[in-house]
>>> print(open('target.pdb').read())   # PDB, C-alpha atoms, pLDDT in the B column
MODEL        1
ATOM      1  CA  MET N   1     -82.405 -48.350 -15.846  1.00 89.00           C
ATOM      2  CA  GLN N   2     -84.844 -47.141 -18.510  1.00 92.00           C
ATOM      3  CA  ILE N   3     -83.908 -45.997 -22.001  1.00 95.00           C
ATOM      4  CA  LEU N   4     -86.048 -44.186 -24.576  1.00 95.00           C
ATOM      5  CA  SER N   5     -85.171 -44.480 -28.278  1.00 95.00           C
ATOM      6  CA  ILE N   6     -86.560 -41.751 -30.568  1.00 94.00           C
ATOM      7  CA  GLY N   7     -86.625 -42.268 -34.326  1.00 92.00           C
ATOM      8  CA  LYS N   8     -85.647 -45.946 -34.506  1.00 93.00           C
ATOM      9  CA  GLU N   9     -86.627 -49.209 -32.869  1.00 94.00           C
ATOM     10  CA  ILE N  10     -83.616 -50.417 -30.893  1.00 94.00           C
ATOM     11  CA  ARG N  11     -83.325 -53.548 -28.788  1.00 93.00           C
ATOM     12  CA  HIS N  12     -80.544 -54.858 -26.591  1.00 93.00           C
ATOM     13  CA  THR N  13     -80.452 -57.911 -24.356  1.00 90.00           C
ATOM     14  CA  GLY N  14     -80.643 -56.970 -20.711  1.00 88.00           C
ATOM     15  CA  LEU N  15     -81.764 -53.380 -21.255  1.00 94.00           C
ATOM     16  CA  ASP N  16     -85.248 -51.892 -20.951  1.00 93.00           C
ATOM     17  CA  ILE N  17     -85.597 -49.811 -24.152  1.00 95.00           C
ATOM     18  CA  THR N  18     -88.829 -48.140 -25.297  1.00 94.00           C
ATOM     19  CA  SER N  19     -88.840 -47.060 -28.957  1.00 94.00           C
ATOM     20  CA  ILE N  20     -91.039 -44.278 -30.376  1.00 93.00           C
ATOM     21  CA  ASP N  21     -91.259 -42.011 -33.409  1.00 92.00           C
ATOM     22  CA  ILE N  22     -90.467 -38.322 -32.943  1.00 87.00           C
ATOM     23  CA  SER N  23     -94.158 -37.534 -33.575  1.00 87.00           C
ATOM     24  CA  GLU N  24     -95.079 -39.511 -30.442  1.00 89.00           C
ATOM     25  CA  ILE N  25     -92.974 -37.484 -27.977  1.00 87.00           C
ATOM     26  CA  THR N  26     -95.874 -35.405 -26.694  1.00 81.00           C
ATOM     27  CA  ARG N  27     -97.838 -38.590 -25.907  1.00 83.00           C
ATOM     28  CA  VAL N  28     -95.105 -40.122 -23.746  1.00 83.00           C
ATOM     29  CA  GLN N  29     -95.780 -39.638 -20.051  1.00 76.00           C
ATOM     30  CA  ASP N  30     -93.003 -38.771 -17.586  1.00 82.00           C
ATOM     31  CA  ILE N  31     -90.027 -38.722 -19.969  1.00 85.00           C
ATOM     32  CA  GLU N  32     -88.049 -37.529 -16.926  1.00 85.00           C
ATOM     33  CA  ARG N  33     -88.073 -41.100 -15.629  1.00 89.00           C
ATOM     34  CA  TYR N  34     -85.746 -42.265 -18.417  1.00 92.00           C
ATOM     35  CA  ASP N  35     -82.042 -42.379 -17.641  1.00 93.00           C
ATOM     36  CA  TYR N  36     -80.964 -42.132 -21.286  1.00 95.00           C
ATOM     37  CA  VAL N  37     -82.594 -40.968 -24.508  1.00 95.00           C
ATOM     38  CA  ILE N  38     -81.281 -42.236 -27.849  1.00 96.00           C
ATOM     39  CA  ILE N  39     -81.833 -39.852 -30.782  1.00 95.00           C
ATOM     40  CA  THR N  40     -81.478 -41.345 -34.248  1.00 95.00           C
ATOM     41  CA  GLY N  41     -81.023 -38.871 -37.087  1.00 91.00           C
ATOM     42  CA  GLY N  42     -78.968 -35.882 -38.192  1.00 91.00           C
ATOM     43  CA  ASP N  43     -78.390 -32.492 -36.604  1.00 93.00           C
ATOM     44  CA  GLY N  44     -81.849 -31.248 -37.584  1.00 91.00           C
ATOM     45  CA  ARG N  45     -83.537 -34.246 -35.952  1.00 91.00           C
ATOM     46  CA  ILE N  46     -81.555 -33.661 -32.771  1.00 93.00           C
ATOM     47  CA  ARG N  47     -82.595 -30.009 -32.727  1.00 94.00           C
ATOM     48  CA  ARG N  48     -86.274 -30.781 -33.326  1.00 92.00           C
ATOM     49  CA  THR N  49     -86.273 -33.462 -30.633  1.00 91.00           C
ATOM     50  CA  LEU N  50     -84.606 -31.251 -28.042  1.00 92.00           C
ATOM     51  CA  GLN N  51     -87.006 -28.441 -28.945  1.00 91.00           C
ATOM     52  CA  GLN N  52     -89.685 -30.599 -27.334  1.00 86.00           C
ATOM     53  CA  LEU N  53     -87.645 -31.962 -24.435  1.00 84.00           C
ATOM     54  CA  HIS N  54     -85.228 -29.377 -23.070  1.00 77.00           C
ATOM     55  CA  ASP N  55     -87.693 -27.622 -20.731  1.00 75.00           C
ATOM     56  CA  MET N  56     -88.090 -30.722 -18.547  1.00 75.00           C
ATOM     57  CA  GLU N  57     -87.150 -30.435 -14.874  1.00 74.00           C
ATOM     58  CA  ARG N  58     -84.840 -33.435 -15.169  1.00 80.00           C
ATOM     59  CA  ILE N  59     -83.197 -33.898 -18.553  1.00 84.00           C
ATOM     60  CA  PRO N  60     -81.902 -37.423 -19.331  1.00 90.00           C
ATOM     61  CA  THR N  61     -78.455 -38.025 -20.806  1.00 93.00           C
ATOM     62  CA  PHE N  62     -78.549 -38.250 -24.603  1.00 95.00           C
ATOM     63  CA  ILE N  63     -77.040 -40.999 -26.730  1.00 96.00           C
ATOM     64  CA  LEU N  64     -76.627 -39.889 -30.345  1.00 96.00           C
ATOM     65  CA  ASN N  65     -77.142 -42.347 -33.201  1.00 95.00           C
ATOM     66  CA  PRO N  66     -76.125 -40.149 -36.167  1.00 92.00           C
ATOM     67  CA  THR N  67     -77.645 -40.948 -39.572  1.00 88.00           C
ATOM     68  CA  GLY N  68     -77.597 -37.505 -41.226  1.00 79.00           C
ATOM     69  CA  SER N  69     -75.332 -36.033 -43.884  1.00 77.00           C
ATOM     70  CA  PHE N  70     -72.861 -34.194 -41.639  1.00 82.00           C
ATOM     71  CA  ASN N  71     -73.747 -35.107 -38.024  1.00 90.00           C
ATOM     72  CA  LEU N  72     -71.760 -32.159 -36.688  1.00 93.00           C
ATOM     73  CA  VAL N  73     -72.953 -32.516 -33.095  1.00 94.00           C
ATOM     74  CA  ALA N  74     -71.850 -36.155 -33.057  1.00 93.00           C
ATOM     75  CA  ARG N  75     -68.499 -35.197 -34.597  1.00 93.00           C
ATOM     76  CA  ILE N  76     -67.915 -32.454 -32.036  1.00 93.00           C
ATOM     77  CA  HIS N  77     -68.298 -34.967 -29.205  1.00 94.00           C
ATOM     78  CA  GLN N  78     -66.794 -37.941 -31.033  1.00 92.00           C
ATOM     79  CA  THR N  79     -69.768 -40.020 -30.013  1.00 94.00           C
ATOM     80  CA  PRO N  80     -69.303 -43.801 -30.056  1.00 94.00           C
ATOM     81  CA  LYS N  81     -71.580 -46.188 -31.921  1.00 94.00           C
ATOM     82  CA  VAL N  82     -74.854 -46.703 -30.125  1.00 94.00           C
ATOM     83  CA  GLU N  83     -74.199 -50.457 -29.877  1.00 94.00           C
ATOM     84  CA  GLU N  84     -70.982 -49.778 -27.962  1.00 95.00           C
ATOM     85  CA  VAL N  85     -72.812 -47.538 -25.498  1.00 95.00           C
ATOM     86  CA  LEU N  86     -75.569 -50.093 -24.963  1.00 95.00           C
ATOM     87  CA  ASP N  87     -73.016 -52.872 -24.401  1.00 95.00           C
ATOM     88  CA  LEU N  88     -71.344 -50.711 -21.773  1.00 95.00           C
ATOM     89  CA  LEU N  89     -74.659 -49.936 -20.036  1.00 95.00           C
ATOM     90  CA  ALA N  90     -75.617 -53.628 -20.089  1.00 95.00           C
ATOM     91  CA  ARG N  91     -72.389 -54.369 -18.194  1.00 93.00           C
ATOM     92  CA  GLY N  92     -73.397 -51.851 -15.552  1.00 92.00           C
ATOM     93  CA  GLU N  93     -70.718 -49.329 -16.492  1.00 94.00           C
ATOM     94  CA  ILE N  94     -71.246 -45.555 -16.712  1.00 93.00           C
ATOM     95  CA  PRO N  95     -70.289 -43.935 -20.040  1.00 94.00           C
ATOM     96  CA  ASN N  96     -68.306 -40.733 -20.394  1.00 95.00           C
ATOM     97  CA  LYS N  97     -70.366 -37.567 -20.858  1.00 96.00           C
ATOM     98  CA  GLU N  98     -69.788 -34.064 -22.170  1.00 96.00           C
ATOM     99  CA  LYS N  99     -71.868 -30.913 -21.942  1.00 95.00           C
ATOM    100  CA  HIS N 100     -73.329 -29.476 -25.124  1.00 95.00           C
ATOM    101  CA  HIS N 101     -74.600 -25.934 -24.703  1.00 95.00           C
ATOM    102  CA  LEU N 102     -78.025 -24.942 -26.010  1.00 96.00           C
ATOM    103  CA  PHE N 103     -79.230 -21.619 -27.356  1.00 97.00           C
ATOM    104  CA  LYS N 104     -82.527 -20.041 -28.323  1.00 97.00           C
ATOM    105  CA  LEU N 105     -83.592 -17.686 -31.070  1.00 97.00           C
ATOM    106  CA  ASN N 106     -86.937 -16.388 -29.794  1.00 96.00           C
ATOM    107  CA  GLU N 107     -88.641 -19.717 -28.990  1.00 94.00           C
ATOM    108  CA  GLU N 108     -86.627 -21.849 -31.417  1.00 96.00           C
ATOM    109  CA  LEU N 109     -83.815 -23.952 -29.993  1.00 96.00           C
ATOM    110  CA  PHE N 110     -80.479 -24.407 -31.747  1.00 97.00           C
ATOM    111  CA  LEU N 111     -77.269 -26.244 -30.912  1.00 96.00           C
ATOM    112  CA  PHE N 112     -74.469 -24.711 -32.975  1.00 96.00           C
ATOM    113  CA  SER N 113     -75.662 -22.733 -36.005  1.00 97.00           C
ATOM    114  CA  ALA N 114     -78.119 -19.937 -36.771  1.00 97.00           C
ATOM    115  CA  GLY N 115     -78.229 -17.249 -39.413  1.00 97.00           C
ATOM    116  CA  ASN N 116     -79.706 -15.502 -42.417  1.00 96.00           C
ATOM    117  CA  MET N 117     -76.538 -15.026 -44.480  1.00 95.00           C
ATOM    118  CA  GLY N 118     -74.888 -17.432 -46.909  1.00 93.00           C
ATOM    119  CA  ASP N 119     -75.716 -20.349 -44.624  1.00 93.00           C
ATOM    120  CA  LEU N 120     -79.417 -19.833 -45.324  1.00 94.00           C
ATOM    121  CA  GLN N 121     -79.000 -19.737 -49.100  1.00 94.00           C
ATOM    122  CA  HIS N 122     -76.716 -22.773 -48.919  1.00 93.00           C
ATOM    123  CA  ILE N 123     -79.259 -24.888 -47.032  1.00 93.00           C
ATOM    124  CA  ILE N 124     -82.146 -23.832 -49.292  1.00 94.00           C
ATOM    125  CA  LEU N 125     -80.196 -24.761 -52.440  1.00 94.00           C
ATOM    126  CA  ALA N 126     -78.902 -28.005 -50.931  1.00 90.00           C
ATOM    127  CA  GLU N 127     -82.444 -29.060 -50.027  1.00 88.00           C
ATOM    128  CA  THR N 128     -83.552 -28.191 -53.582  1.00 92.00           C
ATOM    129  CA  LEU N 129     -80.888 -30.638 -54.799  1.00 89.00           C
ATOM    130  CA  ARG N 130     -82.233 -33.436 -52.587  1.00 87.00           C
ATOM    131  CA  PHE N 131     -83.231 -35.848 -55.370  1.00 88.00           C
ATOM    132  CA  GLY N 132     -81.797 -38.702 -57.432  1.00 87.00           C
ATOM    133  CA  TRP N 133     -78.423 -40.185 -56.560  1.00 86.00           C
ATOM    134  CA  ILE N 134     -77.364 -37.105 -54.560  1.00 85.00           C
ATOM    135  CA  GLU N 135     -80.421 -37.219 -52.274  1.00 83.00           C
ATOM    136  CA  HIS N 136     -78.466 -38.899 -49.483  1.00 79.00           C
ATOM    137  CA  GLY N 137     -75.016 -38.021 -48.245  1.00 79.00           C
ATOM    138  CA  PRO N 138     -73.051 -34.761 -48.185  1.00 83.00           C
ATOM    139  CA  PHE N 139     -72.502 -34.272 -51.942  1.00 89.00           C
ATOM    140  CA  LYS N 140     -75.564 -32.032 -52.366  1.00 90.00           C
ATOM    141  CA  TYR N 141     -74.145 -29.650 -49.750  1.00 88.00           C
ATOM    142  CA  LEU N 142     -70.746 -29.562 -51.460  1.00 91.00           C
ATOM    143  CA  LEU N 143     -72.414 -28.950 -54.832  1.00 93.00           C
ATOM    144  CA  ALA N 144     -74.445 -26.106 -53.324  1.00 92.00           C
ATOM    145  CA  VAL N 145     -71.218 -24.496 -52.051  1.00 91.00           C
ATOM    146  CA  LEU N 146     -69.692 -24.608 -55.534  1.00 94.00           C
ATOM    147  CA  LEU N 147     -72.804 -23.202 -57.208  1.00 94.00           C
ATOM    148  CA  LEU N 148     -73.094 -20.356 -54.701  1.00 94.00           C
ATOM    149  CA  LEU N 149     -69.390 -19.557 -54.442  1.00 94.00           C
ATOM    150  CA  PRO N 150     -69.425 -16.521 -56.797  1.00 94.00           C
ATOM    151  CA  ALA N 151     -72.385 -14.983 -54.951  1.00 92.00           C
ATOM    152  CA  HIS N 152     -70.783 -15.672 -51.558  1.00 91.00           C
ATOM    153  CA  LEU N 153     -67.521 -14.016 -52.610  1.00 93.00           C
ATOM    154  CA  LEU N 154     -69.376 -10.954 -53.864  1.00 94.00           C
ATOM    155  CA  LEU N 155     -71.986 -10.518 -51.131  1.00 93.00           C
ATOM    156  CA  THR N 156     -70.391 -11.788 -47.900  1.00 94.00           C
ATOM    157  CA  PRO N 157     -68.347  -8.611 -47.200  1.00 94.00           C
ATOM    158  CA  PHE N 158     -71.533  -6.532 -47.453  1.00 95.00           C
ATOM    159  CA  MET N 159     -73.539  -8.947 -45.292  1.00 95.00           C
ATOM    160  CA  LEU N 160     -70.813  -8.893 -42.626  1.00 95.00           C
ATOM    161  CA  MET N 161     -71.349  -5.131 -42.352  1.00 95.00           C
ATOM    162  CA  SER N 162     -75.164  -5.322 -42.205  1.00 95.00           C
ATOM    163  CA  ALA N 163     -77.018  -4.955 -38.899  1.00 93.00           C
ATOM    164  CA  ARG N 164     -79.874  -7.052 -40.351  1.00 94.00           C
ATOM    165  CA  LYS N 165     -77.671 -10.037 -41.205  1.00 96.00           C
ATOM    166  CA  PHE N 166     -76.036 -12.503 -38.813  1.00 96.00           C
ATOM    167  CA  PHE N 167     -74.401 -15.913 -38.754  1.00 97.00           C
ATOM    168  CA  ILE N 168     -73.652 -17.886 -35.580  1.00 97.00           C
ATOM    169  CA  PHE N 169     -71.377 -20.942 -35.744  1.00 97.00           C
ATOM    170  CA  THR N 170     -70.179 -22.078 -32.326  1.00 96.00           C
ATOM    171  CA  PRO N 171     -67.505 -24.592 -33.495  1.00 95.00           C
ATOM    172  CA  PHE N 172     -65.582 -21.411 -34.417  1.00 95.00           C
ATOM    173  CA  ARG N 173     -65.926 -19.993 -30.899  1.00 92.00           C
ATOM    174  CA  PHE N 174     -62.291 -18.896 -31.030  1.00 93.00           C
ATOM    175  CA  ILE N 175     -63.613 -16.078 -33.259  1.00 94.00           C
ATOM    176  CA  LYS N 176     -65.823 -14.297 -30.760  1.00 94.00           C
ATOM    177  CA  ARG N 177     -67.174 -11.843 -33.325  1.00 95.00           C
ATOM    178  CA  PHE N 178     -66.259 -10.544 -36.752  1.00 95.00           C
ATOM    179  CA  GLY N 179     -68.824  -8.101 -38.115  1.00 95.00           C
ATOM    180  CA  SER N 180     -72.114 -10.024 -38.341  1.00 96.00           C
ATOM    181  CA  PHE N 181     -70.367 -13.365 -37.693  1.00 97.00           C
ATOM    182  CA  TYR N 182     -70.459 -14.766 -34.154  1.00 97.00           C
ATOM    183  CA  GLY N 183     -68.433 -17.730 -32.954  1.00 97.00           C
ATOM    184  CA  GLU N 184     -69.624 -17.153 -29.398  1.00 95.00           C
ATOM    185  CA  VAL N 185     -73.291 -16.807 -28.470  1.00 95.00           C
ATOM    186  CA  ARG N 186     -74.124 -13.936 -26.194  1.00 91.00           C
ATOM    187  CA  GLU N 187     -77.513 -12.473 -25.360  1.00 96.00           C
ATOM    188  CA  MET N 188     -78.450 -10.026 -28.089  1.00 96.00           C
ATOM    189  CA  THR N 189     -81.386  -8.627 -30.045  1.00 97.00           C
ATOM    190  CA  ILE N 190     -81.402  -8.186 -33.816  1.00 96.00           C
ATOM    191  CA  ASP N 191     -84.022  -6.105 -35.612  1.00 96.00           C
ATOM    192  CA  LEU N 192     -84.713  -7.579 -39.068  1.00 95.00           C
ATOM    193  CA  GLN N 193     -87.278  -4.849 -39.792  1.00 92.00           C
ATOM    194  CA  ASN N 194     -89.885  -7.195 -41.252  1.00 91.00           C
ATOM    195  CA  HIS N 195     -92.251  -9.790 -39.824  1.00 90.00           C
ATOM    196  CA  HIS N 196     -91.599 -12.746 -42.128  1.00 93.00           C
ATOM    197  CA  ASN N 197     -88.066 -14.120 -41.977  1.00 95.00           C
ATOM    198  CA  LEU N 198     -86.412 -17.337 -43.080  1.00 96.00           C
ATOM    199  CA  ILE N 199     -83.686 -18.400 -40.634  1.00 97.00           C
ATOM    200  CA  GLU N 200     -81.278 -21.327 -40.766  1.00 97.00           C
ATOM    201  CA  LEU N 201     -80.999 -23.314 -37.510  1.00 97.00           C
ATOM    202  CA  ASP N 202     -78.643 -26.309 -37.396  1.00 96.00           C
ATOM    203  CA  GLY N 203     -79.340 -27.050 -41.053  1.00 92.00           C
ATOM    204  CA  ASP N 204     -83.108 -26.555 -40.771  1.00 94.00           C
ATOM    205  CA  VAL N 205     -84.891 -23.606 -42.377  1.00 95.00           C
ATOM    206  CA  VAL N 206     -87.546 -22.113 -40.090  1.00 96.00           C
ATOM    207  CA  THR N 207     -89.910 -19.164 -40.500  1.00 96.00           C
ATOM    208  CA  ILE N 208     -89.893 -16.491 -37.789  1.00 96.00           C
ATOM    209  CA  GLU N 209     -92.988 -14.270 -37.850  1.00 95.00           C
ATOM    210  CA  GLU N 210     -91.373 -11.491 -35.814  1.00 94.00           C
ATOM    211  CA  ASN N 211     -89.070  -8.644 -36.692  1.00 94.00           C
ATOM    212  CA  LEU N 212     -87.066  -8.806 -33.442  1.00 96.00           C
ATOM    213  CA  LEU N 213     -84.795 -11.787 -32.810  1.00 97.00           C
ATOM    214  CA  HIS N 214     -83.824 -12.437 -29.191  1.00 97.00           C
ATOM    215  CA  ILE N 215     -80.817 -14.762 -29.085  1.00 98.00           C
ATOM    216  CA  ARG N 216     -79.411 -16.134 -25.822  1.00 97.00           C
ATOM    217  CA  PRO N 217     -77.821 -19.193 -24.118  1.00 96.00           C
ATOM    218  CA  VAL N 218     -80.343 -21.438 -22.324  1.00 94.00           C
ATOM    219  CA  GLY N 219     -78.281 -24.117 -20.594  1.00 91.00           C
ATOM    220  CA  TYR N 220     -76.904 -27.437 -21.748  1.00 93.00           C
ATOM    221  CA  ILE N 221     -77.537 -31.142 -22.194  1.00 93.00           C
ATOM    222  CA  GLU N 222     -75.235 -34.061 -21.433  1.00 94.00           C
ATOM    223  CA  VAL N 223     -74.153 -36.221 -24.387  1.00 96.00           C
ATOM    224  CA  VAL N 224     -72.477 -39.632 -24.185  1.00 96.00           C
ATOM    225  CA  THR N 225     -68.971 -39.434 -25.627  1.00 95.00           C
ATOM    226  CA  LYS N 226     -65.950 -41.691 -25.992  1.00 86.00           C
TER     227      LYS N 226
ENDMDL
END
>>> encode(input="target.pdb", output="structure tokens")
Amino acid sequence: MQILSIGKEIRHTGLDITSIDISEITRVQDIERYDYVIITGGDGRIRRTLQQLHDMERIPTFILNPTGSFNLVARIHQTPKVEEVLDLLARGEIPNKEKHHLFKLNEELFLFSAGNMGDLQHIILAETLRFGWIEHGPFKYLLAVLLLLPAHLLLTPFMLMSARKFFIFTPFRFIKRFGSFYGEVREMTIDLQNHHNLIELDGDVVTIEENLLHIRPVGYIEVVTK
């Protein structure tokens, strides 16, 4: 059994673990040979790592080692501590797995969230607040919500009616669609009518240099769960 750890050096007696930085992914040969890939980081790190890996013919099972502010993907799957998973693998046992569906916006991958509504403004402000004692942890995101609350209350009804605005949040899949809000991802095209757009993807802010957004499901990965 071979294990690849991305973002943190991890060792465990009896297991063959290779550790690399995320910047080294493109230099690793035959990632398909690994049985498990450990990703250390938050939701954005997971997204950026999978952006480089998900087109492989054989995708390894992923072990999440969450170190971000919210770690929503890890919370969705109730992922165990990485040490517990490695102990189990060292004993020759097979961990439980769950599917996590993947989606694309043009050529950008995302796992649960995409949009250009209040989510975008929230992430931009929260990242602006990333300094001092609030740099780490979720408080900067909560503060951003409070600061933007009046604007959200005023503008959200109008954005929900706009064909150029959208917000996807798959944990709320029980709400298939409400105006420009989507809890379920279906294949669709959105015309933003300009060629320079800031989009929020899983807590990252990316720039899309196209006016047409093509959004669609693109498969799934397997994540170790409890």
>>> closest_residue(input="target.pdb", among="N:Ile17, N:Leu120, N:Val224, N:Val37", to="Val145 of chain N", atoms="only C-alpha atoms")
N:Leu120
>>> atom_distance(input="target.pdb", atom1="atom CA of His12 of chain N", atom2="atom CA of Glu83 of chain N")
8.4 Å
>>> closest_residue(input="target.pdb", among="N:Ala114, N:Ile123, N:Leu105, N:Ile190", to="Ile168 of chain N", atoms="all atoms listed in the file")
N:Ala114
>>> resolve_selection(input="target.pdb", expression="the PyMOL selection byres ((chain N and resi 107-109) around 9)", output="count of residues only")
17
>>> resolve_selection(input="target.pdb", expression="the PyMOL selection byres ((chain N and resi 223) around 7)", output="PyMOL selection string")
chain N and resi 61-63+97-100+221-222+224-225
>>> resolve_selection(input="target.pdb", expression="the PyMOL selection byres ((chain N and resi 192) around 9)", output="PyMOL selection string")
chain N and resi 163-165+190-191+193-195+197+210-213
>>> residues_around(input="target.pdb", residues="segment 89-93 of chain N", least_positions_apart="2", cutoff="9 Å", atoms="all atoms listed in the file", output="list in words")
Met1, His12, Thr13, Gly14, Leu15, Glu84, Val85, Leu86, Asp87 and Pro95 of chain N
>>> residues_around(input="target.pdb", residues="Ile46 of chain N", least_positions_apart="6", cutoff="10 Å", atoms="only C-alpha atoms", output="compact mmCIF listing (two decimals) with C-alpha atoms, in the frame of the given file")
# COMPACT_ATOMS: atom_id res chain seq x y z
CA ILE N 6 -86.56 -41.75 -30.57
CA ILE N 38 -81.28 -42.24 -27.85
CA ILE N 39 -81.83 -39.85 -30.78
CA THR N 40 -81.48 -41.34 -34.25
CA PHE N 62 -78.55 -38.25 -24.60
CA LEU N 64 -76.63 -39.89 -30.34
CA ASN N 65 -77.14 -42.35 -33.20
CA PRO N 66 -76.12 -40.15 -36.17
CA ASN N 71 -73.75 -35.11 -38.02
CA VAL N 73 -72.95 -32.52 -33.10
CA PHE N 110 -80.48 -24.41 -31.75
CA LEU N 111 -77.27 -26.24 -30.91
CA ASP N 202 -78.64 -26.31 -37.40
>>> residues_near_point(input="target.pdb", point="(-80.8, -28.4, -46.1)", cutoff="8 Å", atoms="all atoms listed in the file", output="list in words")
His122, Ile123, Ile124, Leu125, Ala126, Glu127, Thr128, Tyr141, Gly203, Asp204 and Val205 of chain N
>>> closest_residue(input="target.pdb", among="N:Ile31, N:Val185, N:Met159, N:Ile134", to="Phe112 of chain N", atoms="all atoms listed in the file")
N:Val185
>>> decode(input="target.pdb", residues="segment 118-138 of chain N", atoms="N, CA and C atoms", output="PDB file, in the first residue's frame")
ATOM      1  N   GLY N 118     -23.957  37.381  -2.555  1.00  0.00           N
ATOM      2  CA  GLY N 118     -23.427  37.775  -1.255  1.00  0.00           C
ATOM      3  C   GLY N 118     -22.269  36.931  -0.788  1.00  0.00           C
ATOM      4  N   ASP N 119     -22.205  35.675  -1.270  1.00  0.00           N
ATOM      5  CA  ASP N 119     -21.083  34.809  -0.900  1.00  0.00           C
ATOM      6  C   ASP N 119     -19.754  35.389  -1.357  1.00  0.00           C
ATOM      7  N   LEU N 120     -19.749  36.000  -2.540  1.00  0.00           N
ATOM      8  CA  LEU N 120     -18.520  36.588  -3.070  1.00  0.00           C
ATOM      9  C   LEU N 120     -18.078  37.772  -2.220  1.00  0.00           C
ATOM     10  N   GLN N 121     -19.003  38.677  -1.917  1.00  0.00           N
ATOM     11  CA  GLN N 121     -18.657  39.835  -1.101  1.00  0.00           C
ATOM     12  C   GLN N 121     -18.212  39.404   0.298  1.00  0.00           C
ATOM     13  N   HIS N 122     -18.847  38.357   0.817  1.00  0.00           N
ATOM     14  CA  HIS N 122     -18.495  37.865   2.148  1.00  0.00           C
ATOM     15  C   HIS N 122     -17.057  37.352   2.185  1.00  0.00           C
ATOM     16  N   ILE N 123     -16.674  36.565   1.188  1.00  0.00           N
ATOM     17  CA  ILE N 123     -15.317  36.015   1.161  1.00  0.00           C
ATOM     18  C   ILE N 123     -14.282  37.120   0.964  1.00  0.00           C
ATOM     19  N   ILE N 124     -14.565  38.076   0.084  1.00  0.00           N
ATOM     20  CA  ILE N 124     -13.621  39.170  -0.150  1.00  0.00           C
ATOM     21  C   ILE N 124     -13.393  39.964   1.132  1.00  0.00           C
ATOM     22  N   LEU N 125     -14.476  40.302   1.856  1.00  0.00           N
ATOM     23  CA  LEU N 125     -14.327  41.057   3.093  1.00  0.00           C
ATOM     24  C   LEU N 125     -13.629  40.230   4.171  1.00  0.00           C
ATOM     25  N   ALA N 126     -13.983  38.947   4.272  1.00  0.00           N
ATOM     26  CA  ALA N 126     -13.357  38.091   5.270  1.00  0.00           C
ATOM     27  C   ALA N 126     -11.860  37.973   5.030  1.00  0.00           C
ATOM     28  N   GLU N 127     -11.444  37.865   3.768  1.00  0.00           N
ATOM     29  CA  GLU N 127     -10.020  37.789   3.467  1.00  0.00           C
ATOM     30  C   GLU N 127      -9.327  39.121   3.748  1.00  0.00           C
ATOM     31  N   THR N 128     -10.044  40.237   3.578  1.00  0.00           N
ATOM     32  CA  THR N 128      -9.491  41.547   3.932  1.00  0.00           C
ATOM     33  C   THR N 128      -9.234  41.627   5.432  1.00  0.00           C
ATOM     34  N   LEU N 129     -10.047  40.929   6.215  1.00  0.00           N
ATOM     35  CA  LEU N 129      -9.905  40.943   7.677  1.00  0.00           C
ATOM     36  C   LEU N 129      -8.879  39.932   8.174  1.00  0.00           C
ATOM     37  N   ARG N 130      -8.190  39.260   7.280  1.00  0.00           N
ATOM     38  CA  ARG N 130      -7.235  38.222   7.686  1.00  0.00           C
ATOM     39  C   ARG N 130      -5.935  38.863   8.179  1.00  0.00           C
ATOM     40  N   PHE N 131      -5.953  39.383   9.386  1.00  0.00           N
ATOM     41  CA  PHE N 131      -4.753  39.955  10.011  1.00  0.00           C
ATOM     42  C   PHE N 131      -4.951  39.964  11.525  1.00  0.00           C
ATOM     43  N   GLY N 132      -3.848  40.154  12.250  1.00  0.00           N
ATOM     44  CA  GLY N 132      -3.909  40.246  13.705  1.00  0.00           C
ATOM     45  C   GLY N 132      -4.447  38.988  14.353  1.00  0.00           C
ATOM     46  N   TRP N 133      -5.149  39.163  15.467  1.00  0.00           N
ATOM     47  CA  TRP N 133      -5.618  38.012  16.241  1.00  0.00           C
ATOM     48  C   TRP N 133      -6.783  37.288  15.584  1.00  0.00           C
ATOM     49  N   ILE N 134      -7.414  37.907  14.573  1.00  0.00           N
ATOM     50  CA  ILE N 134      -8.520  37.220  13.883  1.00  0.00           C
ATOM     51  C   ILE N 134      -8.062  36.551  12.586  1.00  0.00           C
ATOM     52  N   GLU N 135      -6.744  36.534  12.337  1.00  0.00           N
ATOM     53  CA  GLU N 135      -6.243  35.957  11.089  1.00  0.00           C
ATOM     54  C   GLU N 135      -6.634  34.495  10.956  1.00  0.00           C
ATOM     55  N   HIS N 136      -6.540  33.750  12.045  1.00  0.00           N
ATOM     56  CA  HIS N 136      -6.860  32.324  12.015  1.00  0.00           C
ATOM     57  C   HIS N 136      -8.207  32.079  12.694  1.00  0.00           C
ATOM     58  N   GLY N 137      -8.869  31.033  12.271  1.00  0.00           N
ATOM     59  CA  GLY N 137     -10.153  30.698  12.867  1.00  0.00           C
ATOM     60  C   GLY N 137     -11.317  31.340  12.132  1.00  0.00           C
ATOM     61  N   PRO N 138     -12.541  31.023  12.573  1.00  0.00           N
ATOM     62  CA  PRO N 138     -13.740  31.449  11.840  1.00  0.00           C
ATOM     63  C   PRO N 138     -14.239  32.852  12.174  1.00  0.00           C
TER      64      PRO N 138
END
